[in-house]
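Structure record follows, encoded as structure tokens.
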Amino acid sequence: MEKVKPSSNVQSRRTFLQQSASLMAAFTIPNVFQSKKKKKMTTEKFDVIIIGGSYSGLAAGMGLGRALRKVLIIDSGRPANRYTPHSHNFLTHDGRTPAEIAAIAKEQVDAYKTVKRITGLVVHATRYENDFHVSLANGTEYSAIKLIFATGIIDQWPDIRGFSECWGKSVLHCPYCHGYEVRDAQTGILGNGDYAFEFAGLISNWTRQLTVYTNGPSTLSSEQNARLKKHNISVIEDRIDFLRHSNGYLDGISFMNGNSVNVNPLYARPPFKQSSEVPESLGCELTEDGYLKIDAMHHTTVPGVYACGDNVTRMRTVANAISMGTSAAIALNKDFVLESF
Ligand SMILES: Cc1cc2nc3c(=O)[nH]c(=O)nc-3n(C[C@H](O)[C@H](O)[C@H](O)COP(=O)(O)OP(=O)(O)OC[C@H]3O[C@@H](n4cnc5c(N)ncnc54)[C@H](O)[C@@H]3O)c2cc1C
């Protein structure tokens, strides 16, 4: 079986599909496995392997399972919102813990015999002419005709003592998820320049008691400073020493110069990276912002590879991740139908 290198992305999607078409009939019969040379390959071959089995991956799994595809979901158990005690703004589950929502989702997905769900970390994937081989950290391998990455992103916290403990509890990334609960509170924004200015404008919707902490010299323009001043938003440039908190609930900020302020919550949007490097190793391109590049039908830039959820969008909510998982499943199933009908 010929291995397809990432550099062969230039091969057009149409050519790839034409090459695949003659073998497609074999692949659409469940439980038919065409043995490969690799030693640890399991005997199971799937229509689709979904890498990442949190909200988006589970939604994709349900959609494909209901479309009678043979699906394997592999998840390493580290959803982005595991730090937050309550998840908001997801209709029917508002205020539940993230784990509760995930548990219900898993129970419902597990009801489908077409879907298998395992715990594991995918460390490698190889694209062959007609399928993909996926390797787990424990050495197990699986194969499937198509892959979905629902792997999420990793927030890269700043090196500020107390930040990680408060993340998701009182250091917040999103007012739509948590702003209602802390409306009108004495609120801070950790950030600088354009990003802090835009964030301040957004958060001013939830509170008028707002201060921007730039943690060093401000890079806000004079026009931005004037607009902030007009809305009574002050800017503090002192370097932050640490965040004062009890069990992750913020009391205030202590600065290197000995000053301190009382503030709770603090909004911050740290930079992020993709949770998994496997899509890139397959040749999937990223956008300028660092998301996996997809088209409207969830195709990445590598034929047969799809993506959904936090790894493709800045619209970072459970509801959106689930919506994208569902639409990725529909898009992928449509491709199967078009390729075999
Ligand atoms: C602190 C915080 C609080 C939040 N609060 C809210 C809220 O209140 N309301 C709301 O709607 N949204 C909230 N969000 C956003 C929400 O958590 C995300 O939008 C949602 O989790 C995205 O779902 P996902 O399935 O795309 O990714 P994730 O939930 O991040 O899941 C990705 C999954 O992929 C797995 N994975 C990654 N790489 C691999 C690999 N190589 N092999 C196997 N598995 C892998 C991970 O272990 C993880 O389980 C919050 C986010 C954060 C960071």
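FYI, nothing fancy with the structure tokens labels: chains A, B, ... in order, residues from 1 per chain, ligands from 1 as they appear.
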**Request:** Within 6 Å of region 256-267 of chain A, counting only C-alpha atoms, which residues show up once you throw out same-chain ones fewer than 3 positions away? Write them as a ChimeraX atom specification, please.
**Result:** /A:170-173,186-189,239-241,250-253
Keeping only N, CA and C atoms, write those residues as a PDB file, in the first residue's frame.
```pdb
ATOM      1  N   SER A 170     -12.028  32.480  37.977  1.00  0.00           N
ATOM      2  CA  SER A 170     -12.128  33.931  38.129  1.00  0.00           C
ATOM      3  C   SER A 170     -11.227  34.672  37.139  1.00  0.00           C
ATOM      4  N   VAL A 171     -10.363  33.946  36.436  1.00  0.00           N
ATOM      5  CA  VAL A 171      -9.696  34.489  35.240  1.00  0.00           C
ATOM      6  C   VAL A 171     -10.452  33.890  34.060  1.00  0.00           C
ATOM      7  N   LEU A 172     -11.123  34.746  33.332  1.00  0.00           N
ATOM      8  CA  LEU A 172     -12.126  34.291  32.366  1.00  0.00           C
ATOM      9  C   LEU A 172     -11.706  34.623  30.941  1.00  0.00           C
ATOM     10  N   HIS A 173     -12.043  33.726  30.017  1.00  0.00           N
ATOM     11  CA  HIS A 173     -11.649  33.977  28.626  1.00  0.00           C
ATOM     12  C   HIS A 173     -12.790  34.595  27.822  1.00  0.00           C
ATOM     13  N   GLN A 186     -16.187  44.626  39.915  1.00  0.00           N
ATOM     14  CA  GLN A 186     -14.920  45.354  39.699  1.00  0.00           C
ATOM     15  C   GLN A 186     -14.031  44.444  38.850  1.00  0.00           C
ATOM     16  N   THR A 187     -13.907  44.752  37.594  1.00  0.00           N
ATOM     17  CA  THR A 187     -13.363  43.796  36.611  1.00  0.00           C
ATOM     18  C   THR A 187     -12.067  44.308  35.991  1.00  0.00           C
ATOM     19  N   GLY A 188     -11.155  43.390  35.730  1.00  0.00           N
ATOM     20  CA  GLY A 188      -9.913  43.752  35.049  1.00  0.00           C
ATOM     21  C   GLY A 188      -9.806  43.052  33.709  1.00  0.00           C
ATOM     22  N   ILE A 189      -9.007  43.664  32.844  1.00  0.00           N
ATOM     23  CA  ILE A 189      -8.646  43.010  31.578  1.00  0.00           C
ATOM     24  C   ILE A 189      -7.139  42.936  31.545  1.00  0.00           C
ATOM     25  N   ARG A 239       3.974  46.293  36.395  1.00  0.00           N
ATOM     26  CA  ARG A 239       4.243  44.868  36.137  1.00  0.00           C
ATOM     27  C   ARG A 239       3.604  44.019  37.228  1.00  0.00           C
ATOM     28  N   ILE A 240       2.935  42.977  36.809  1.00  0.00           N
ATOM     29  CA  ILE A 240       2.228  42.113  37.775  1.00  0.00           C
ATOM     30  C   ILE A 240       3.202  41.133  38.421  1.00  0.00           C
ATOM     31  N   ASP A 241       3.107  41.059  39.766  1.00  0.00           N
ATOM     32  CA  ASP A 241       3.916  40.077  40.489  1.00  0.00           C
ATOM     33  C   ASP A 241       3.132  38.759  40.580  1.00  0.00           C
ATOM     34  N   LEU A 250     -10.312  34.931  42.685  1.00  0.00           N
ATOM     35  CA  LEU A 250      -9.430  36.092  42.745  1.00  0.00           C
ATOM     36  C   LEU A 250      -9.850  37.096  43.817  1.00  0.00           C
ATOM     37  N   ASP A 251      -8.823  37.621  44.552  1.00  0.00           N
ATOM     38  CA  ASP A 251      -9.065  38.779  45.420  1.00  0.00           C
ATOM     39  C   ASP A 251      -8.545  40.033  44.724  1.00  0.00           C
ATOM     40  N   GLY A 252      -7.360  39.898  44.130  1.00  0.00           N
ATOM     41  CA  GLY A 252      -6.771  41.078  43.521  1.00  0.00           C
ATOM     42  C   GLY A 252      -5.447  40.773  42.850  1.00  0.00           C
ATOM     43  N   ILE A 253      -4.786  41.858  42.453  1.00  0.00           N
ATOM     44  CA  ILE A 253      -3.498  41.743  41.756  1.00  0.00           C
ATOM     45  C   ILE A 253      -2.433  42.432  42.593  1.00  0.00           C
TER      46      ILE A 253
END
```
Contact table chain A vs ligand 1, cut-off 6 Å, shortest pair per residue, only C-alpha atoms and all ligand atoms, as CSV:
```
residue,atom,partner,partner_atom_place_in_ligand_line,distance
A:Ile51,CA,ligand 1,43 (C),5.2
A:Gly52,CA,ligand 1,34 (O),3.3
A:Gly53,CA,ligand 1,33 (C),5.4
A:Ser54,CA,ligand 1,25 (O),4.2
A:Tyr55,CA,ligand 1,25 (O),4.0
A:Ser56,CA,ligand 1,25 (O),3.8
A:Gly57,CA,ligand 1,25 (O),5.5
A:Ile74,CA,ligand 1,43 (C),5.2
A:Asp75,CA,ligand 1,44 (N),3.6
A:Ser76,CA,ligand 1,47 (O),3.8
A:Gly77,CA,ligand 1,47 (O),3.9
A:Arg78,CA,ligand 1,47 (O),3.4
A:Pro79,CA,ligand 1,29 (O),3.7
A:Ala80,CA,ligand 1,30 (O),3.8
A:Asn81,CA,ligand 1,52 (C),3.9
A:Tyr83,CA,ligand 1,1 (C),5.4
A:Thr84,CA,ligand 1,3 (C),5.2
A:Ser87,CA,ligand 1,8 (O),3.3
A:His88,CA,ligand 1,8 (O),3.9
A:Asn89,CA,ligand 1,11 (O),5.4
A:Phe90,CA,ligand 1,11 (O),5.5
A:Gly120,CA,ligand 1,43 (C),5.6
A:Leu121,CA,ligand 1,42 (N),3.7
A:Val122,CA,ligand 1,42 (N),3.8
A:Val123,CA,ligand 1,41 (N),5.6
A:Ala150,CA,ligand 1,26 (O),5.4
A:Thr151,CA,ligand 1,34 (O),3.6
A:Gly152,CA,ligand 1,27 (O),3.8
A:Ile153,CA,ligand 1,30 (O),6.0
A:Trp167,CA,ligand 1,1 (C),5.8
A:Gly168,CA,ligand 1,1 (C),3.6
A:Cys177,CA,ligand 1,8 (O),4.0
A:His178,CA,ligand 1,8 (O),5.8
A:Ser275,CA,ligand 1,38 (N),5.0
A:Ser276,CA,ligand 1,38 (N),4.6
A:Gly309,CA,ligand 1,26 (O),3.3
A:Asp310,CA,ligand 1,26 (O),3.9
A:Arg316,CA,ligand 1,19 (O),3.9
A:Thr317,CA,ligand 1,11 (O),3.5
A:Val318,CA,ligand 1,11 (O),3.8
A:Ala319,CA,ligand 1,11 (O),5.6
A:Ala321,CA,ligand 1,23 (O),4.9
```
Please produce an output containing C-alpha atoms for each residue in the selection, written as a PDB file, in the first residue's frame.
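Okay, this is what ended up in selection14.pdb:
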```
ATOM      1  CA  ILE A  51      -9.599  12.111  16.999  1.00  0.00           C
ATOM      2  CA  GLY A  52     -10.805  14.088  19.997  1.00  0.00           C
ATOM      3  CA  GLY A  53     -13.942  12.850  21.742  1.00  0.00           C
ATOM      4  CA  SER A  54     -15.150  15.900  23.610  1.00  0.00           C
ATOM      5  CA  TYR A  55     -18.198  17.978  22.617  1.00  0.00           C
ATOM      6  CA  SER A  56     -17.389  18.397  18.928  1.00  0.00           C
ATOM      7  CA  GLY A  57     -16.005  14.904  18.387  1.00  0.00           C
ATOM      8  CA  ILE A  74     -10.334   8.316  20.321  1.00  0.00           C
ATOM      9  CA  ASP A  75     -10.040  10.816  23.153  1.00  0.00           C
ATOM     10  CA  SER A  76      -7.273  11.718  25.584  1.00  0.00           C
ATOM     11  CA  GLY A  77      -9.668  13.262  28.126  1.00  0.00           C
ATOM     12  CA  ARG A  78      -8.481  16.869  28.308  1.00  0.00           C
ATOM     13  CA  PRO A  79     -11.337  19.182  27.213  1.00  0.00           C
ATOM     14  CA  ALA A  80     -10.516  22.898  27.299  1.00  0.00           C
ATOM     15  CA  ASN A  81     -13.207  23.764  29.843  1.00  0.00           C
ATOM     16  CA  TYR A  83     -11.002  24.060  34.725  1.00  0.00           C
ATOM     17  CA  THR A  84     -14.362  25.770  34.980  1.00  0.00           C
ATOM     18  CA  SER A  87     -20.600  25.814  31.823  1.00  0.00           C
ATOM     19  CA  HIS A  88     -23.055  28.426  30.606  1.00  0.00           C
ATOM     20  CA  ASN A  89     -24.907  29.498  27.490  1.00  0.00           C
ATOM     21  CA  PHE A  90     -25.670  26.050  26.135  1.00  0.00           C
ATOM     22  CA  GLY A 120      -6.032   7.180  24.134  1.00  0.00           C
ATOM     23  CA  LEU A 121      -3.672   9.772  22.740  1.00  0.00           C
ATOM     24  CA  VAL A 122      -3.174   9.781  18.993  1.00  0.00           C
ATOM     25  CA  VAL A 123       0.479  10.538  18.327  1.00  0.00           C
ATOM     26  CA  ALA A 150     -11.896  17.496  16.898  1.00  0.00           C
ATOM     27  CA  THR A 151      -8.804  17.981  18.995  1.00  0.00           C
ATOM     28  CA  GLY A 152      -9.370  21.492  20.374  1.00  0.00           C
ATOM     29  CA  ILE A 153      -6.715  24.006  21.348  1.00  0.00           C
ATOM     30  CA  TRP A 167      -8.183  30.047  34.991  1.00  0.00           C
ATOM     31  CA  GLY A 168     -11.822  29.222  34.281  1.00  0.00           C
ATOM     32  CA  CYS A 177     -19.722  31.984  28.880  1.00  0.00           C
ATOM     33  CA  HIS A 178     -19.223  33.666  32.260  1.00  0.00           C
ATOM     34  CA  SER A 275      -3.767  20.576  20.946  1.00  0.00           C
ATOM     35  CA  SER A 276      -2.487  18.080  18.426  1.00  0.00           C
ATOM     36  CA  GLY A 309     -14.702  22.551  17.037  1.00  0.00           C
ATOM     37  CA  ASP A 310     -12.267  24.829  18.825  1.00  0.00           C
ATOM     38  CA  ARG A 316     -15.420  29.085  21.242  1.00  0.00           C
ATOM     39  CA  THR A 317     -18.510  27.647  22.898  1.00  0.00           C
ATOM     40  CA  VAL A 318     -19.801  24.177  23.678  1.00  0.00           C
ATOM     41  CA  ALA A 319     -22.902  24.854  21.574  1.00  0.00           C
ATOM     42  CA  ALA A 321     -18.437  22.901  18.993  1.00  0.00           C
TER      43      ALA A 321
END
```
List the spatial neighbours of region 214-225 of chain A as an mmCIF file with N, CA and C atoms, in the first residue's frame - criterion: any atom at most 8 Å away, only C-alpha atoms, same-chain residues fewer than 3 positions off excluded.
```cif
data_model
loop_
_atom_site.group_PDB
_atom_site.id
_atom_site.type_symbol
_atom_site.label_atom_id
_atom_site.label_comp_id
_atom_site.auth_asym_id
_atom_site.auth_seq_id
_atom_site.Cartn_x
_atom_site.Cartn_y
_atom_site.Cartn_z
ATOM 1 N N LEU A 190 -6.613 41.738 31.377
ATOM 2 C CA LEU A 190 -5.173 41.581 31.242
ATOM 3 C C LEU A 190 -4.853 41.580 29.756
ATOM 4 N N GLY A 191 -4.189 42.641 29.310
ATOM 5 C CA GLY A 191 -3.898 42.712 27.883
ATOM 6 C C GLY A 191 -3.355 44.076 27.523
ATOM 7 N N ASN A 192 -2.968 44.181 26.265
ATOM 8 C CA ASN A 192 -2.325 45.414 25.814
ATOM 9 C C ASN A 192 -2.722 45.695 24.363
ATOM 10 N N GLY A 193 -2.527 46.940 23.944
ATOM 11 C CA GLY A 193 -2.710 47.296 22.537
ATOM 12 C C GLY A 193 -4.115 47.063 22.019
ATOM 13 N N ASP A 194 -4.189 46.758 20.711
ATOM 14 C CA ASP A 194 -5.484 46.599 20.039
ATOM 15 C C ASP A 194 -6.359 45.553 20.726
ATOM 16 N N PHE A 197 -7.876 46.897 23.864
ATOM 17 C CA PHE A 197 -8.863 47.918 23.537
ATOM 18 C C PHE A 197 -10.183 47.267 23.103
ATOM 19 N N LEU A 228 -10.944 54.991 25.839
ATOM 20 C CA LEU A 228 -11.067 54.287 27.128
ATOM 21 C C LEU A 228 -11.409 55.277 28.232
ATOM 22 N N LYS A 229 -10.711 56.435 28.198
ATOM 23 C CA LYS A 229 -10.943 57.455 29.229
ATOM 24 C C LYS A 229 -12.390 57.949 29.181
ATOM 25 N N VAL A 235 -6.108 52.651 32.742
ATOM 26 C CA VAL A 235 -5.067 51.729 32.263
ATOM 27 C C VAL A 235 -3.931 51.721 33.283
ATOM 28 N N ILE A 236 -3.593 50.553 33.805
ATOM 29 C CA ILE A 236 -2.494 50.402 34.773
ATOM 30 C C ILE A 236 -1.364 49.653 34.084
ATOM 31 N N GLU A 237 -0.165 50.281 34.085
ATOM 32 C CA GLU A 237 0.960 49.685 33.360
ATOM 33 C C GLU A 237 1.920 48.907 34.261
ATOM 34 N N ASP A 238 1.661 48.913 35.589
ATOM 35 C CA ASP A 238 2.583 48.262 36.522
ATOM 36 C C ASP A 238 2.760 46.780 36.169
ATOM 37 N N ARG A 239 3.974 46.293 36.395
ATOM 38 C CA ARG A 239 4.243 44.868 36.137
ATOM 39 C C ARG A 239 3.604 44.019 37.228
ATOM 40 N N ILE A 240 2.935 42.977 36.809
ATOM 41 C CA ILE A 240 2.228 42.113 37.775
ATOM 42 C C ILE A 240 3.202 41.133 38.421
#
```
**Fill in**
If you count only C-alpha atoms, the residue of A:Asp289, A:Glu181, A:Asp110, A:Glu198 closest to Lys169 (chain A) turns out to be A:Glu181
**Request:** Give me, please, the distance in Å between CA of Ile154 (chain A) and CA of Lys273 (chain A), quoted to one decimal.
**Result:**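 So the answer is 5.4 Å.
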**Prompt:** So which one's closest to Ile294 (chain A), A:Ala307, A:Cys174, A:Leu282, A:Phe199? Using only C-alpha atoms, please.
**Reply:**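 Going through A:Ala307, A:Cys174, A:Leu282, A:Phe199 one by one, the smallest distance to Ile294 (chain A) is for A:Ala307.
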**Prompt:** Where does DSSP see alpha helix (DSSP H) in region 160-287 of chain A, if you list the residues as a PyMOL selection string?
**Reply:** chain A and resi 163-166+175-178+193-203+222-230+278-282
Residue selection dump (C-alpha atoms) as a short mmCIF file (atom, residue, chain, number, x, y, z; two decimals), in the first residue's frame:
```
data_model
loop_
_atom_site.label_atom_id
_atom_site.label_comp_id
_atom_site.auth_asym_id
_atom_site.auth_seq_id
_atom_site.Cartn_x
_atom_site.Cartn_y
_atom_site.Cartn_z
CA PHE A 163 -2.99 32.62 36.79
CA SER A 164 -3.35 28.89 36.19
CA GLU A 165 -5.15 28.34 39.52
CA CYS A 166 -7.72 31.04 38.66
CA PRO A 175 -17.99 37.04 28.68
CA TYR A 176 -20.61 35.04 26.78
CA CYS A 177 -19.72 31.98 28.88
CA HIS A 178 -19.22 33.67 32.26
CA GLY A 193 -2.71 47.30 22.54
CA ASP A 194 -5.48 46.60 20.04
CA TYR A 195 -6.46 43.36 21.73
CA ALA A 196 -6.98 45.03 25.13
CA PHE A 197 -8.86 47.92 23.54
CA GLU A 198 -11.29 45.62 21.72
CA PHE A 199 -11.71 43.40 24.78
CA ALA A 200 -12.42 46.48 26.96
CA GLY A 201 -15.14 47.58 24.56
CA LEU A 202 -16.72 44.13 24.69
CA ILE A 203 -16.54 43.69 28.47
CA SER A 222 -3.49 57.91 22.03
CA GLU A 223 -6.85 57.58 20.28
CA GLN A 224 -7.54 54.29 22.07
CA ASN A 225 -6.52 55.85 25.40
CA ALA A 226 -8.91 58.74 24.80
CA ARG A 227 -11.78 56.34 24.00
CA LEU A 228 -11.07 54.29 27.13
CA LYS A 229 -10.94 57.45 29.23
CA LYS A 230 -14.26 58.59 27.81
CA VAL A 278 -0.94 15.34 14.03
CA PRO A 279 -3.10 17.31 11.54
CA GLU A 280 -0.12 19.45 10.56
CA SER A 281 2.09 16.38 10.25
CA LEU A 282 -0.44 15.04 7.74
#
```
**In region 50-285 of chain A, DSSP strand (DSSP E or B) residues written as JSON, numbers by chain** = {"A": [50, 51, 71, 72, 73, 74, 75, 115, 116, 117, 118, 119, 122, 123, 124, 125, 126, 127, 128, 132, 133, 134, 135, 136, 141, 142, 143, 144, 145, 146, 147, 148, 149, 153, 154, 155, 161, 167, 171, 172, 187, 188, 189, 190, 210, 211, 212, 213, 234, 235, 236, 240, 241, 242, 243, 244, 245, 246, 249, 250, 251, 252, 253, 254, 255, 260, 261, 262, 266, 267, 272, 273, 274]}
Those residues with C-alpha atoms, as a PDB file, in the first residue's frame please?
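Below you can see selection_20.pdb, which holds the result:
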```pdb
ATOM      1  CA  ILE A  50     -12.604  10.839  15.075  1.00  0.00           C
ATOM      2  CA  ILE A  51      -9.599  12.111  16.999  1.00  0.00           C
ATOM      3  CA  VAL A  71     -16.908   5.069  13.693  1.00  0.00           C
ATOM      4  CA  LEU A  72     -14.063   5.036  16.205  1.00  0.00           C
ATOM      5  CA  ILE A  73     -13.717   7.988  18.602  1.00  0.00           C
ATOM      6  CA  ILE A  74     -10.334   8.316  20.321  1.00  0.00           C
ATOM      7  CA  ASP A  75     -10.040  10.816  23.153  1.00  0.00           C
ATOM      8  CA  VAL A 115     -19.784   3.919  17.288  1.00  0.00           C
ATOM      9  CA  LYS A 116     -16.853   2.687  19.363  1.00  0.00           C
ATOM     10  CA  ARG A 117     -15.233   5.025  21.862  1.00  0.00           C
ATOM     11  CA  ILE A 118     -11.797   4.524  23.411  1.00  0.00           C
ATOM     12  CA  THR A 119      -9.452   6.515  25.616  1.00  0.00           C
ATOM     13  CA  VAL A 122      -3.174   9.781  18.993  1.00  0.00           C
ATOM     14  CA  VAL A 123       0.479  10.538  18.327  1.00  0.00           C
ATOM     15  CA  HIS A 124       0.771   9.852  14.637  1.00  0.00           C
ATOM     16  CA  ALA A 125      -1.285   9.420  11.495  1.00  0.00           C
ATOM     17  CA  THR A 126      -0.184   8.308   8.063  1.00  0.00           C
ATOM     18  CA  ARG A 127      -2.080   8.853   4.873  1.00  0.00           C
ATOM     19  CA  TYR A 128      -2.044   5.958   2.414  1.00  0.00           C
ATOM     20  CA  PHE A 132      -5.289   6.477   7.021  1.00  0.00           C
ATOM     21  CA  HIS A 133      -3.423   4.655   9.773  1.00  0.00           C
ATOM     22  CA  VAL A 134      -3.605   6.200  13.204  1.00  0.00           C
ATOM     23  CA  SER A 135      -1.133   5.350  15.992  1.00  0.00           C
ATOM     24  CA  LEU A 136      -1.771   5.774  19.698  1.00  0.00           C
ATOM     25  CA  GLU A 141      -2.952   1.336  15.508  1.00  0.00           C
ATOM     26  CA  TYR A 142      -6.261   1.681  13.753  1.00  0.00           C
ATOM     27  CA  SER A 143      -7.210   2.479  10.207  1.00  0.00           C
ATOM     28  CA  ALA A 144     -10.073   4.340   8.555  1.00  0.00           C
ATOM     29  CA  ILE A 145     -11.050   5.787   5.219  1.00  0.00           C
ATOM     30  CA  LYS A 146     -11.515   9.265   6.606  1.00  0.00           C
ATOM     31  CA  LEU A 147     -10.408  11.209   9.673  1.00  0.00           C
ATOM     32  CA  ILE A 148     -12.003  13.987  11.678  1.00  0.00           C
ATOM     33  CA  PHE A 149      -9.875  16.089  13.993  1.00  0.00           C
ATOM     34  CA  ILE A 153      -6.715  24.006  21.348  1.00  0.00           C
ATOM     35  CA  ILE A 154      -4.386  24.586  24.302  1.00  0.00           C
ATOM     36  CA  ASP A 155      -4.333  27.967  26.032  1.00  0.00           C
ATOM     37  CA  ARG A 161       1.796  33.215  39.658  1.00  0.00           C
ATOM     38  CA  TRP A 167      -8.183  30.047  34.991  1.00  0.00           C
ATOM     39  CA  VAL A 171      -9.696  34.489  35.240  1.00  0.00           C
ATOM     40  CA  LEU A 172     -12.126  34.291  32.366  1.00  0.00           C
ATOM     41  CA  THR A 187     -13.363  43.796  36.611  1.00  0.00           C
ATOM     42  CA  GLY A 188      -9.913  43.752  35.049  1.00  0.00           C
ATOM     43  CA  ILE A 189      -8.646  43.010  31.578  1.00  0.00           C
ATOM     44  CA  LEU A 190      -5.173  41.581  31.242  1.00  0.00           C
ATOM     45  CA  LEU A 210     -13.375  48.247  34.286  1.00  0.00           C
ATOM     46  CA  THR A 211      -9.581  48.612  34.332  1.00  0.00           C
ATOM     47  CA  VAL A 212      -7.022  47.473  31.768  1.00  0.00           C
ATOM     48  CA  TYR A 213      -3.818  45.937  33.190  1.00  0.00           C
ATOM     49  CA  SER A 234      -8.306  53.346  33.401  1.00  0.00           C
ATOM     50  CA  VAL A 235      -5.067  51.729  32.263  1.00  0.00           C
ATOM     51  CA  ILE A 236      -2.494  50.402  34.773  1.00  0.00           C
ATOM     52  CA  ILE A 240       2.228  42.113  37.775  1.00  0.00           C
ATOM     53  CA  ASP A 241       3.916  40.077  40.489  1.00  0.00           C
ATOM     54  CA  PHE A 242       1.107  37.607  41.235  1.00  0.00           C
ATOM     55  CA  LEU A 243      -2.664  37.136  41.434  1.00  0.00           C
ATOM     56  CA  ARG A 244      -4.024  36.963  44.993  1.00  0.00           C
ATOM     57  CA  HIS A 245      -6.700  34.290  45.269  1.00  0.00           C
ATOM     58  CA  SER A 246      -8.321  31.646  47.437  1.00  0.00           C
ATOM     59  CA  TYR A 249     -11.171  32.782  43.256  1.00  0.00           C
ATOM     60  CA  LEU A 250      -9.430  36.092  42.745  1.00  0.00           C
ATOM     61  CA  ASP A 251      -9.065  38.779  45.420  1.00  0.00           C
ATOM     62  CA  GLY A 252      -6.771  41.078  43.521  1.00  0.00           C
ATOM     63  CA  ILE A 253      -3.498  41.743  41.756  1.00  0.00           C
ATOM     64  CA  SER A 254      -0.145  42.421  43.462  1.00  0.00           C
ATOM     65  CA  PHE A 255       2.384  44.362  41.420  1.00  0.00           C
ATOM     66  CA  SER A 260      -1.978  46.083  44.806  1.00  0.00           C
ATOM     67  CA  VAL A 261      -5.595  46.345  43.686  1.00  0.00           C
ATOM     68  CA  ASN A 262      -8.784  44.455  44.424  1.00  0.00           C
ATOM     69  CA  LEU A 266      -9.949  39.293  35.392  1.00  0.00           C
ATOM     70  CA  TYR A 267     -10.506  38.638  31.686  1.00  0.00           C
ATOM     71  CA  PHE A 272      -3.131  29.266  21.964  1.00  0.00           C
ATOM     72  CA  LYS A 273      -1.701  26.396  20.022  1.00  0.00           C
ATOM     73  CA  GLN A 274      -3.331  23.409  18.397  1.00  0.00           C
TER      74      GLN A 274
END
```
**Request:** Using only C-alpha atoms, find the one residue out of A:Arg69, A:Phe341, A:Val312, A:Phe46 that sits nearest to Glu288 (chain A).
**Result:**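 Residue with the minimum atom-to-atom distance to Glu288 (chain A): A:Val312.
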